[in-house]
>>> print(open('model.txt').read())   # compact mmCIF, C-alpha atoms
# COMPACT_ATOMS: atom_id res chain seq x y z
CA MET A 20 -6.94 -5.52 -54.99
CA SER A 21 -6.51 -3.05 -52.19
CA ALA A 22 -6.14 -4.07 -48.57
CA ALA A 23 -8.63 -2.63 -46.15
CA THR A 24 -7.27 -0.99 -43.01
CA VAL A 25 -9.14 -1.65 -39.81
CA THR A 26 -8.75 0.80 -36.95
CA ALA A 27 -9.83 -0.25 -33.50
CA ALA A 28 -12.23 2.09 -31.78
CA PRO A 29 -10.77 3.74 -28.70
CA VAL A 30 -11.84 2.27 -25.39
CA LYS A 31 -13.16 4.69 -22.83
CA PRO A 32 -11.46 4.44 -19.47
CA GLY A 33 -13.36 2.09 -17.20
CA ALA A 34 -15.79 1.10 -19.96
CA GLN A 35 -14.92 -2.58 -19.70
CA GLU A 36 -14.53 -2.69 -15.96
CA GLY A 37 -17.99 -4.09 -15.44
CA ARG A 38 -17.20 -7.07 -17.72
CA ILE A 39 -13.95 -8.03 -15.98
CA GLY A 40 -14.30 -11.41 -14.33
CA LEU A 41 -12.88 -12.53 -11.03
CA ARG A 42 -10.00 -14.45 -12.62
CA ALA A 43 -8.95 -11.47 -14.75
CA ASN A 44 -9.29 -9.16 -11.77
CA LEU A 45 -7.00 -11.39 -9.69
CA ARG A 46 -4.53 -11.48 -12.58
CA HIS A 47 -4.50 -7.69 -12.72
CA ILE A 48 -3.96 -7.48 -8.96
CA GLY A 49 -1.07 -9.93 -9.22
CA ALA A 50 0.58 -7.93 -12.01
CA LEU A 51 0.22 -4.68 -10.07
CA VAL A 52 1.58 -6.32 -6.91
CA ARG A 53 4.67 -7.35 -8.88
CA ARG A 54 4.99 -3.83 -10.24
CA ASN A 55 4.85 -2.32 -6.74
CA ALA A 56 7.30 -4.91 -5.41
CA LEU A 57 9.74 -4.10 -8.22
CA GLN A 58 9.49 -0.43 -7.28
CA ILE A 59 10.60 -1.31 -3.74
CA LYS A 60 13.47 -3.40 -5.15
CA GLN A 61 14.62 -0.45 -7.25
CA ASP A 62 14.22 1.95 -4.32
CA PRO A 63 15.25 0.00 -1.18
CA GLU A 64 15.27 3.23 0.84
CA SER A 65 11.47 3.02 0.80
CA MET A 66 11.80 0.10 3.24
CA PHE A 67 13.66 2.15 5.84
CA ASP A 68 10.49 2.93 7.79
CA ALA A 69 9.51 -0.74 7.97
CA VAL A 70 13.02 -1.94 8.84
CA LEU A 71 14.41 0.80 11.10
CA MET A 72 11.33 2.19 12.82
CA PRO A 73 10.63 -0.93 14.94
CA VAL A 74 14.27 -1.05 16.09
CA ILE A 75 14.45 2.64 17.02
CA PHE A 76 11.08 2.78 18.76
CA ILE A 77 11.50 -0.32 20.89
CA LEU A 78 15.00 0.70 22.03
CA LEU A 79 13.87 4.23 22.86
CA PHE A 80 10.78 3.23 24.79
CA VAL A 81 12.34 0.31 26.67
CA TYR A 82 15.47 2.13 27.80
CA VAL A 83 14.15 5.71 28.08
CA PHE A 84 10.64 5.14 29.48
CA GLY A 85 10.74 1.52 30.60
CA GLY A 86 12.39 2.23 33.95
CA ALA A 87 10.01 5.08 34.74
CA ILE A 88 6.89 3.09 33.84
CA ALA A 89 7.77 -0.41 35.08
CA GLY A 90 10.36 0.56 37.69
CA LYS A 91 14.12 0.74 37.61
CA GLY A 92 15.62 -2.57 36.52
CA GLN A 93 12.21 -3.89 35.42
CA GLN A 94 12.65 -3.33 31.70
CA ASP A 95 11.96 -7.03 31.03
CA ASP A 96 8.43 -6.62 32.36
CA TYR A 97 7.96 -3.53 30.24
CA VAL A 98 9.04 -5.44 27.10
CA GLN A 99 6.20 -7.89 27.75
CA TYR A 100 3.81 -4.96 27.95
CA LEU A 101 5.23 -2.82 25.14
CA VAL A 102 5.82 -5.18 22.22
CA PRO A 103 2.20 -6.36 21.75
CA GLY A 104 1.08 -2.74 21.92
CA MET A 105 3.67 -1.65 19.38
CA MET A 106 2.31 -4.21 16.93
CA ALA A 107 -0.77 -1.98 16.75
CA MET A 108 1.40 1.10 16.22
CA MET A 109 3.38 -0.54 13.39
CA GLY A 110 0.21 -1.18 11.44
CA MET A 111 -0.93 2.40 11.74
CA ASN A 112 2.41 3.91 10.74
CA ILE A 113 2.80 1.62 7.74
CA ALA A 114 -0.78 2.40 6.71
CA MET A 115 0.08 6.10 6.52
CA ALA A 116 2.61 5.36 3.75
CA VAL A 117 -0.17 4.06 1.49
CA GLY A 118 -1.83 7.47 1.36
CA THR A 119 1.37 9.32 0.49
CA GLY A 120 2.19 6.67 -2.12
CA VAL A 121 -1.19 6.99 -3.86
CA ASN A 122 -0.90 10.78 -3.84
CA GLU A 123 2.62 10.59 -5.28
CA ASP A 124 1.49 8.26 -8.08
CA PHE A 125 -1.08 10.81 -9.19
CA ARG A 126 1.49 13.62 -9.12
CA LYS A 127 3.94 11.58 -11.21
CA GLY A 128 1.31 10.66 -13.81
CA VAL A 129 1.41 6.92 -13.05
CA MET A 130 -2.36 6.84 -12.70
CA ASP A 131 -2.75 8.38 -16.16
CA ARG A 132 -1.29 5.17 -17.58
CA PHE A 133 -3.73 3.03 -15.63
CA ARG A 134 -6.56 5.20 -16.93
CA THR A 135 -6.04 3.89 -20.49
CA MET A 136 -6.00 0.24 -19.46
CA PRO A 137 -9.11 -1.99 -19.31
CA ILE A 138 -8.54 -2.97 -15.69
CA ALA A 139 -10.74 -2.72 -12.63
CA ARG A 140 -9.95 0.48 -10.76
CA SER A 141 -10.24 -1.37 -7.46
CA SER A 142 -7.37 -3.69 -8.47
CA VAL A 143 -4.91 -0.78 -8.39
CA LEU A 144 -5.82 0.02 -4.79
CA ILE A 145 -6.04 -3.60 -3.65
CA ALA A 146 -2.56 -4.26 -5.05
CA LYS A 147 -1.22 -1.42 -2.93
CA ILE A 148 -2.92 -2.88 0.13
CA VAL A 149 -1.34 -6.29 -0.52
CA VAL A 150 2.17 -4.85 -0.85
CA GLU A 151 1.79 -2.68 2.24
CA VAL A 152 0.52 -5.66 4.24
CA GLY A 153 3.74 -7.39 3.25
CA ARG A 154 5.73 -4.41 4.51
CA MET A 155 3.70 -4.47 7.71
CA LEU A 156 4.52 -8.13 8.30
CA ILE A 157 8.22 -7.41 7.78
CA ALA A 158 8.05 -4.56 10.31
CA THR A 159 6.20 -6.82 12.76
CA ALA A 160 8.80 -9.59 12.33
CA ILE A 161 11.63 -7.13 13.05
CA LEU A 162 9.76 -5.75 16.06
CA LEU A 163 9.26 -9.26 17.46
CA GLY A 164 12.89 -10.15 16.74
CA MET A 165 14.06 -7.12 18.71
CA GLY A 166 11.60 -8.03 21.44
CA PHE A 167 13.05 -11.53 21.75
CA LEU A 168 16.56 -10.06 21.97
CA LEU A 169 15.38 -7.83 24.82
CA GLY A 170 13.73 -10.68 26.73
CA LEU A 171 10.24 -11.02 25.26
CA GLU A 172 8.56 -14.31 26.09
CA ILE A 173 5.55 -15.86 24.36
CA ARG A 174 3.56 -17.04 27.35
CA GLY A 175 0.44 -17.98 25.44
CA SER A 176 0.07 -20.77 22.90
CA LEU A 177 1.49 -20.64 19.38
CA LEU A 178 -2.04 -20.28 18.01
CA GLU A 179 -2.68 -17.29 20.28
CA PHE A 180 0.63 -15.74 19.22
CA LEU A 181 -0.29 -16.09 15.54
CA GLY A 182 -3.75 -14.74 16.34
CA ALA A 183 -2.20 -11.55 17.73
CA ILE A 184 -0.22 -11.08 14.50
CA VAL A 185 -3.27 -11.73 12.30
CA LEU A 186 -5.44 -9.37 14.34
CA SER A 187 -2.88 -6.56 14.15
CA THR A 188 -2.43 -7.12 10.39
CA ALA A 189 -6.18 -7.14 9.72
CA PHE A 190 -6.71 -3.90 11.60
CA GLY A 191 -3.72 -2.27 9.87
CA ALA A 192 -5.10 -3.28 6.47
CA ALA A 193 -8.45 -1.69 7.35
CA LEU A 194 -6.72 1.56 8.33
CA MET A 195 -5.03 1.69 4.92
CA TRP A 196 -8.35 2.51 3.29
CA ILE A 197 -8.61 5.64 5.44
CA PHE A 198 -5.18 6.81 4.32
CA ILE A 199 -5.85 5.93 0.68
CA LEU A 200 -8.96 8.10 0.84
CA LEU A 201 -6.89 10.84 2.45
CA GLY A 202 -4.23 10.50 -0.26
CA LEU A 203 -6.88 10.85 -2.95
CA ALA A 204 -8.41 13.92 -1.32
CA MET A 205 -5.26 15.93 -0.45
CA LYS A 206 -3.16 17.85 -2.99
CA THR A 207 0.38 16.92 -1.94
CA PRO A 208 2.12 14.04 -0.14
CA GLN A 209 3.28 16.52 2.51
CA SER A 210 -0.29 17.50 3.30
CA VAL A 211 -1.28 13.83 3.53
CA GLN A 212 1.55 13.18 5.97
CA GLY A 213 0.76 16.29 8.01
CA VAL A 214 -2.93 15.46 8.42
CA ALA A 215 -2.12 11.81 9.10
CA MET A 216 0.24 12.75 11.93
CA LEU A 217 -2.48 14.90 13.51
CA VAL A 218 -4.64 11.77 13.60
CA LEU A 219 -1.89 9.33 14.57
CA MET A 220 -0.40 11.11 17.54
CA PRO A 221 -3.56 11.41 19.72
CA LEU A 222 -4.64 7.86 18.87
CA GLN A 223 -1.24 6.34 19.64
CA PHE A 224 -0.40 8.20 22.84
CA GLY A 225 -4.00 8.37 24.05
CA SER A 226 -4.11 4.60 24.26
CA SER A 227 -2.75 1.67 26.26
CA ILE A 228 0.08 1.02 23.77
CA PHE A 229 2.89 2.54 25.82
CA ALA A 230 1.60 2.72 29.38
CA PRO A 231 -1.32 1.52 31.53
CA THR A 232 -4.26 3.89 31.45
CA SER A 233 -5.07 3.76 35.18
CA SER A 234 -2.85 6.76 35.97
CA MET A 235 -4.38 8.95 33.26
CA PRO A 236 -6.93 11.71 33.99
CA GLY A 237 -10.52 10.53 33.93
CA TRP A 238 -11.41 12.18 30.63
CA LEU A 239 -8.35 10.70 28.91
CA GLU A 240 -8.92 7.27 30.41
CA GLY A 241 -12.46 7.41 29.04
CA PHE A 242 -11.07 8.18 25.59
CA THR A 243 -8.67 5.23 25.75
CA LYS A 244 -11.57 2.85 26.37
CA VAL A 245 -13.17 3.72 23.02
CA ASN A 246 -9.85 4.10 21.20
CA PRO A 247 -9.56 1.10 18.81
CA LEU A 248 -5.78 1.05 19.27
CA SER A 249 -6.25 0.38 22.99
CA ASN A 250 -8.52 -2.56 22.25
CA LEU A 251 -6.05 -3.93 19.70
CA ALA A 252 -3.10 -3.51 22.10
CA ASP A 253 -5.04 -5.14 24.94
CA ALA A 254 -6.12 -8.05 22.75
CA ALA A 255 -2.60 -8.67 21.39
CA ARG A 256 -1.17 -8.39 24.91
CA ALA A 257 -3.66 -10.91 26.32
CA LEU A 258 -3.01 -13.34 23.47
CA MET A 259 0.78 -13.16 23.68
CA ASN A 260 1.01 -13.17 27.47
CA GLY A 261 -1.62 -15.85 27.94
CA GLN A 262 -3.57 -13.84 30.49
CA GLY A 263 -6.23 -11.17 30.62
CA ALA A 264 -9.53 -10.72 28.81
CA VAL A 265 -9.26 -11.73 25.15
CA ALA A 266 -12.77 -12.04 23.73
CA HIS A 267 -14.04 -8.48 24.30
CA PRO A 268 -11.06 -6.47 22.95
CA THR A 269 -10.68 -8.92 20.04
CA LEU A 270 -14.33 -8.58 19.02
CA VAL A 271 -14.21 -4.80 19.38
CA THR A 272 -11.06 -4.64 17.23
CA LEU A 273 -12.58 -6.85 14.54
CA GLY A 274 -15.75 -4.76 14.65
CA TRP A 275 -13.71 -1.59 14.09
CA ALA A 276 -11.81 -3.23 11.21
CA VAL A 277 -15.01 -4.35 9.45
CA ALA A 278 -16.72 -0.97 9.98
CA ILE A 279 -13.73 1.03 8.75
CA THR A 280 -13.39 -1.13 5.64
CA ALA A 281 -17.12 -1.11 4.90
CA VAL A 282 -17.27 2.70 5.05
CA THR A 283 -13.95 3.85 3.58
CA MET A 284 -13.26 1.21 0.90
CA PRO A 285 -16.29 2.13 -1.30
CA LEU A 286 -15.54 5.83 -0.78
CA ALA A 287 -11.89 5.36 -1.76
CA VAL A 288 -12.75 3.33 -4.87
CA ALA A 289 -15.40 5.88 -5.91
CA LYS A 290 -12.94 8.76 -5.41
CA PHE A 291 -10.30 6.87 -7.37
CA ARG A 292 -12.68 6.25 -10.28
CA LYS A 293 -13.64 9.91 -10.29
CA LYS A 294 -10.02 11.02 -10.45
CA THR A 295 -9.11 8.52 -13.17
>>> encode(input="model.txt", output="structure tokens")
Amino acid sequence: MSAATVTAAPVKPGAQEGRIGLRANLRHIGALVRRNALQIKQDPESMFDAVLMPVIFILLFVYVFGGAIAGKGQQDDYVQYLVPGMMAMMGMNIAMAVGTGVNEDFRKGVMDRFRTMPIARSSVLIAKIVVEVGRMLIATAILLGMGFLLGLEIRGSLLEFLGAIVLSTAFGAALMWIFILLGLAMKTPQSVQGVAMLVLMPLQFGSSIFAPTSSMPGWLEGFTKVNPLSNLADAARALMNGQGAVAHPTLVTLGWAVAITAVTMPLAVAKFRKKT
């Protein structure tokens, strides 16, 4: 009697994606989150931007520009103004790293391995978002810790303080989809970083993050009013300081976050599927 040999038919990439249930999808996301976290553990230098950037930026702005903006000897007042605004900046800078990371994974052939696996393509990108949100929260915690050392006071309620953190995190997560799409479209990580900086610089400095907008030229002040970073900074500032308009900038920021995600997430997933 001879034994029959059974050979499994090859599975086309993405062929089973439509049959993957929610539980399996969440399991895939969890496994990929662990994989990305292990990469950070093996390469701790990749956390330098999240750990050192908040320290360097807050010290530079408080002690170099704080006296000029708030008045000599009034750095404490400037800390109250600056830190909530910098929470918006942290999210945007961390989001940029997602695009370069996705681009680098394609260059190293990591995505070729995912191509042969029966997993939802969206789970690869969502796992990256989850890990980068974790890095963003670490950067925010360090920023707030430095702020407290420099005299930051939480003048609003604890719930409002947590609301400022959640709002900044939600908006940063939405921005990540833009940079993922950019990482999928550009050829090299350097080009992703270069284009991202061209977007980041005008948005960050043409906003209310670092200084009040009342002294700006009329055309620039008009730009700051529609700049989502200004609305995020104003909302976080009002929540943490317990004063100022909260509802309008918060709703505008959430509107931007939903719109950005609704437009760029499907485009990023479609681009990812096409490339894999």
>>> closest_residue(input="model.txt", among="A:Asn122, A:Thr269, A:Ser249, A:Ser187", to="Gly110 in chain A", atoms="all atoms listed in the file")
A:Ser187
>>> atom_distance(input="model.txt", atom1="CA of Val81 in chain A", atom2="CA of Leu171 in chain A")
11.6 Å
>>> atom_distance(input="model.txt", atom1="CA of Val102 in chain A", atom2="CA of Ala192 in chain A")
19.3 Å
>>> atom_distance(input="model.txt", atom1="CA of Ile199 in chain A", atom2="CA of Met111 in chain A")
12.6 Å
>>> closest_residue(input="model.txt", among="A:Ala264, A:Ala183, A:Ile77, A:Leu177", to="Leu251 in chain A", atoms="all atoms listed in the file")
A:Ala183
>>> closest_residue(input="model.txt", among="A:Ser142, A:Thr283, A:Thr207, A:Gln99", to="Ala50 in chain A", atoms="only C-alpha atoms")
A:Ser142
>>> closest_residue(input="model.txt", among="A:Pro103, A:Val117, A:Ser210, A:Leu186", to="Val149 in chain A", atoms="only C-alpha atoms")
A:Val117
>>> closest_residue(input="model.txt", among="A:Gly128, A:Ile88, A:Ala215, A:Ser65", to="Pro231 in chain A", atoms="only C-alpha atoms")
A:Ile88
>>> closest_residue(input="model.txt", among="A:Thr280, A:Ser176, A:Thr159, A:Thr232", to="Leu71 in chain A", atoms="only C-alpha atoms")
A:Thr159
>>> residues_around(input="model.txt", residues="Met165 in chain A", least_positions_apart="3", cutoff="10 Å", atoms="all atoms listed in the file", output="PyMOL selection string")
chain A and resi 73-75+77-78+98+102+159-162+168-171
>>> residues_near_point(input="model.txt", point="(-11.4, -2.6, -6.1)", cutoff="9 Å", atoms="all atoms listed in the file", output="mmCIF file with C-alpha atoms, keeping the file's coordinate frame")
data_model
loop_
_atom_site.group_PDB
_atom_site.id
_atom_site.type_symbol
_atom_site.label_atom_id
_atom_site.label_comp_id
_atom_site.auth_asym_id
_atom_site.auth_seq_id
_atom_site.Cartn_x
_atom_site.Cartn_y
_atom_site.Cartn_z
ATOM 1 C CA ASN A 44 -9.290 -9.160 -11.770
ATOM 2 C CA ALA A 139 -10.740 -2.720 -12.630
ATOM 3 C CA ARG A 140 -9.950 0.480 -10.760
ATOM 4 C CA SER A 141 -10.240 -1.370 -7.460
ATOM 5 C CA SER A 142 -7.370 -3.690 -8.470
ATOM 6 C CA VAL A 143 -4.910 -0.780 -8.390
ATOM 7 C CA LEU A 144 -5.820 0.020 -4.790
ATOM 8 C CA ILE A 145 -6.040 -3.600 -3.650
ATOM 9 C CA MET A 284 -13.260 1.210 0.900
ATOM 10 C CA PRO A 285 -16.290 2.130 -1.300
ATOM 11 C CA VAL A 288 -12.750 3.330 -4.870
#
>>> axis_aligned_box(input="model.txt", around="range 155-169 of chain A", padding_each_side="8 Å", output="AutoDock Vina command-line options")
--center_x 10.1 --center_y -8.0 --center_z 16.3 --size_x 28.9 --size_y 23.1 --size_z 33.1
>>> residues_near_point(input="model.txt", point="(1.3, -4.3, 2.5)", cutoff="12 Å", atoms="all atoms listed in the file", output="PyMOL selection string")
chain A and resi 52+55-56+59+66+69+109-117+120+144-159+188-189+191-196
>>> write_last_selection(input="model.txt", atoms="C-alpha atoms", output="PDB file, in the frame of the given file")
ATOM      1  CA  VAL A  52       1.580  -6.320  -6.910  1.00  0.00           C
ATOM      2  CA  ASN A  55       4.850  -2.320  -6.740  1.00  0.00           C
ATOM      3  CA  ALA A  56       7.300  -4.910  -5.410  1.00  0.00           C
ATOM      4  CA  ILE A  59      10.600  -1.310  -3.740  1.00  0.00           C
ATOM      5  CA  MET A  66      11.800   0.100   3.240  1.00  0.00           C
ATOM      6  CA  ALA A  69       9.510  -0.740   7.970  1.00  0.00           C
ATOM      7  CA  MET A 109       3.380  -0.540  13.390  1.00  0.00           C
ATOM      8  CA  GLY A 110       0.210  -1.180  11.440  1.00  0.00           C
ATOM      9  CA  MET A 111      -0.930   2.400  11.740  1.00  0.00           C
ATOM     10  CA  ASN A 112       2.410   3.910  10.740  1.00  0.00           C
ATOM     11  CA  ILE A 113       2.800   1.620   7.740  1.00  0.00           C
ATOM     12  CA  ALA A 114      -0.780   2.400   6.710  1.00  0.00           C
ATOM     13  CA  MET A 115       0.080   6.100   6.520  1.00  0.00           C
ATOM     14  CA  ALA A 116       2.610   5.360   3.750  1.00  0.00           C
ATOM     15  CA  VAL A 117      -0.170   4.060   1.490  1.00  0.00           C
ATOM     16  CA  GLY A 120       2.190   6.670  -2.120  1.00  0.00           C
ATOM     17  CA  LEU A 144      -5.820   0.020  -4.790  1.00  0.00           C
ATOM     18  CA  ILE A 145      -6.040  -3.600  -3.650  1.00  0.00           C
ATOM     19  CA  ALA A 146      -2.560  -4.260  -5.050  1.00  0.00           C
ATOM     20  CA  LYS A 147      -1.220  -1.420  -2.930  1.00  0.00           C
ATOM     21  CA  ILE A 148      -2.920  -2.880   0.130  1.00  0.00           C
ATOM     22  CA  VAL A 149      -1.340  -6.290  -0.520  1.00  0.00           C
ATOM     23  CA  VAL A 150       2.170  -4.850  -0.850  1.00  0.00           C
ATOM     24  CA  GLU A 151       1.790  -2.680   2.240  1.00  0.00           C
ATOM     25  CA  VAL A 152       0.520  -5.660   4.240  1.00  0.00           C
ATOM     26  CA  GLY A 153       3.740  -7.390   3.250  1.00  0.00           C
ATOM     27  CA  ARG A 154       5.730  -4.410   4.510  1.00  0.00           C
ATOM     28  CA  MET A 155       3.700  -4.470   7.710  1.00  0.00           C
ATOM     29  CA  LEU A 156       4.520  -8.130   8.300  1.00  0.00           C
ATOM     30  CA  ILE A 157       8.220  -7.410   7.780  1.00  0.00           C
ATOM     31  CA  ALA A 158       8.050  -4.560  10.310  1.00  0.00           C
ATOM     32  CA  THR A 159       6.200  -6.820  12.760  1.00  0.00           C
ATOM     33  CA  THR A 188      -2.430  -7.120  10.390  1.00  0.00           C
ATOM     34  CA  ALA A 189      -6.180  -7.140   9.720  1.00  0.00           C
ATOM     35  CA  GLY A 191      -3.720  -2.270   9.870  1.00  0.00           C
ATOM     36  CA  ALA A 192      -5.100  -3.280   6.470  1.00  0.00           C
ATOM     37  CA  ALA A 193      -8.450  -1.690   7.350  1.00  0.00           C
ATOM     38  CA  LEU A 194      -6.720   1.560   8.330  1.00  0.00           C
ATOM     39  CA  MET A 195      -5.030   1.690   4.920  1.00  0.00           C
ATOM     40  CA  TRP A 196      -8.350   2.510   3.290  1.00  0.00           C
TER      41      TRP A 196
END
>>> residues_around(input="model.txt", residues="range 216-230 of chain A", least_positions_apart="3", cutoff="10 Å", atoms="only C-alpha atoms", output="PyMOL selection string")
chain A and resi 80-81+84-85+88-89+97+100-108+111-112+115+210-213+233-235+239-253+256
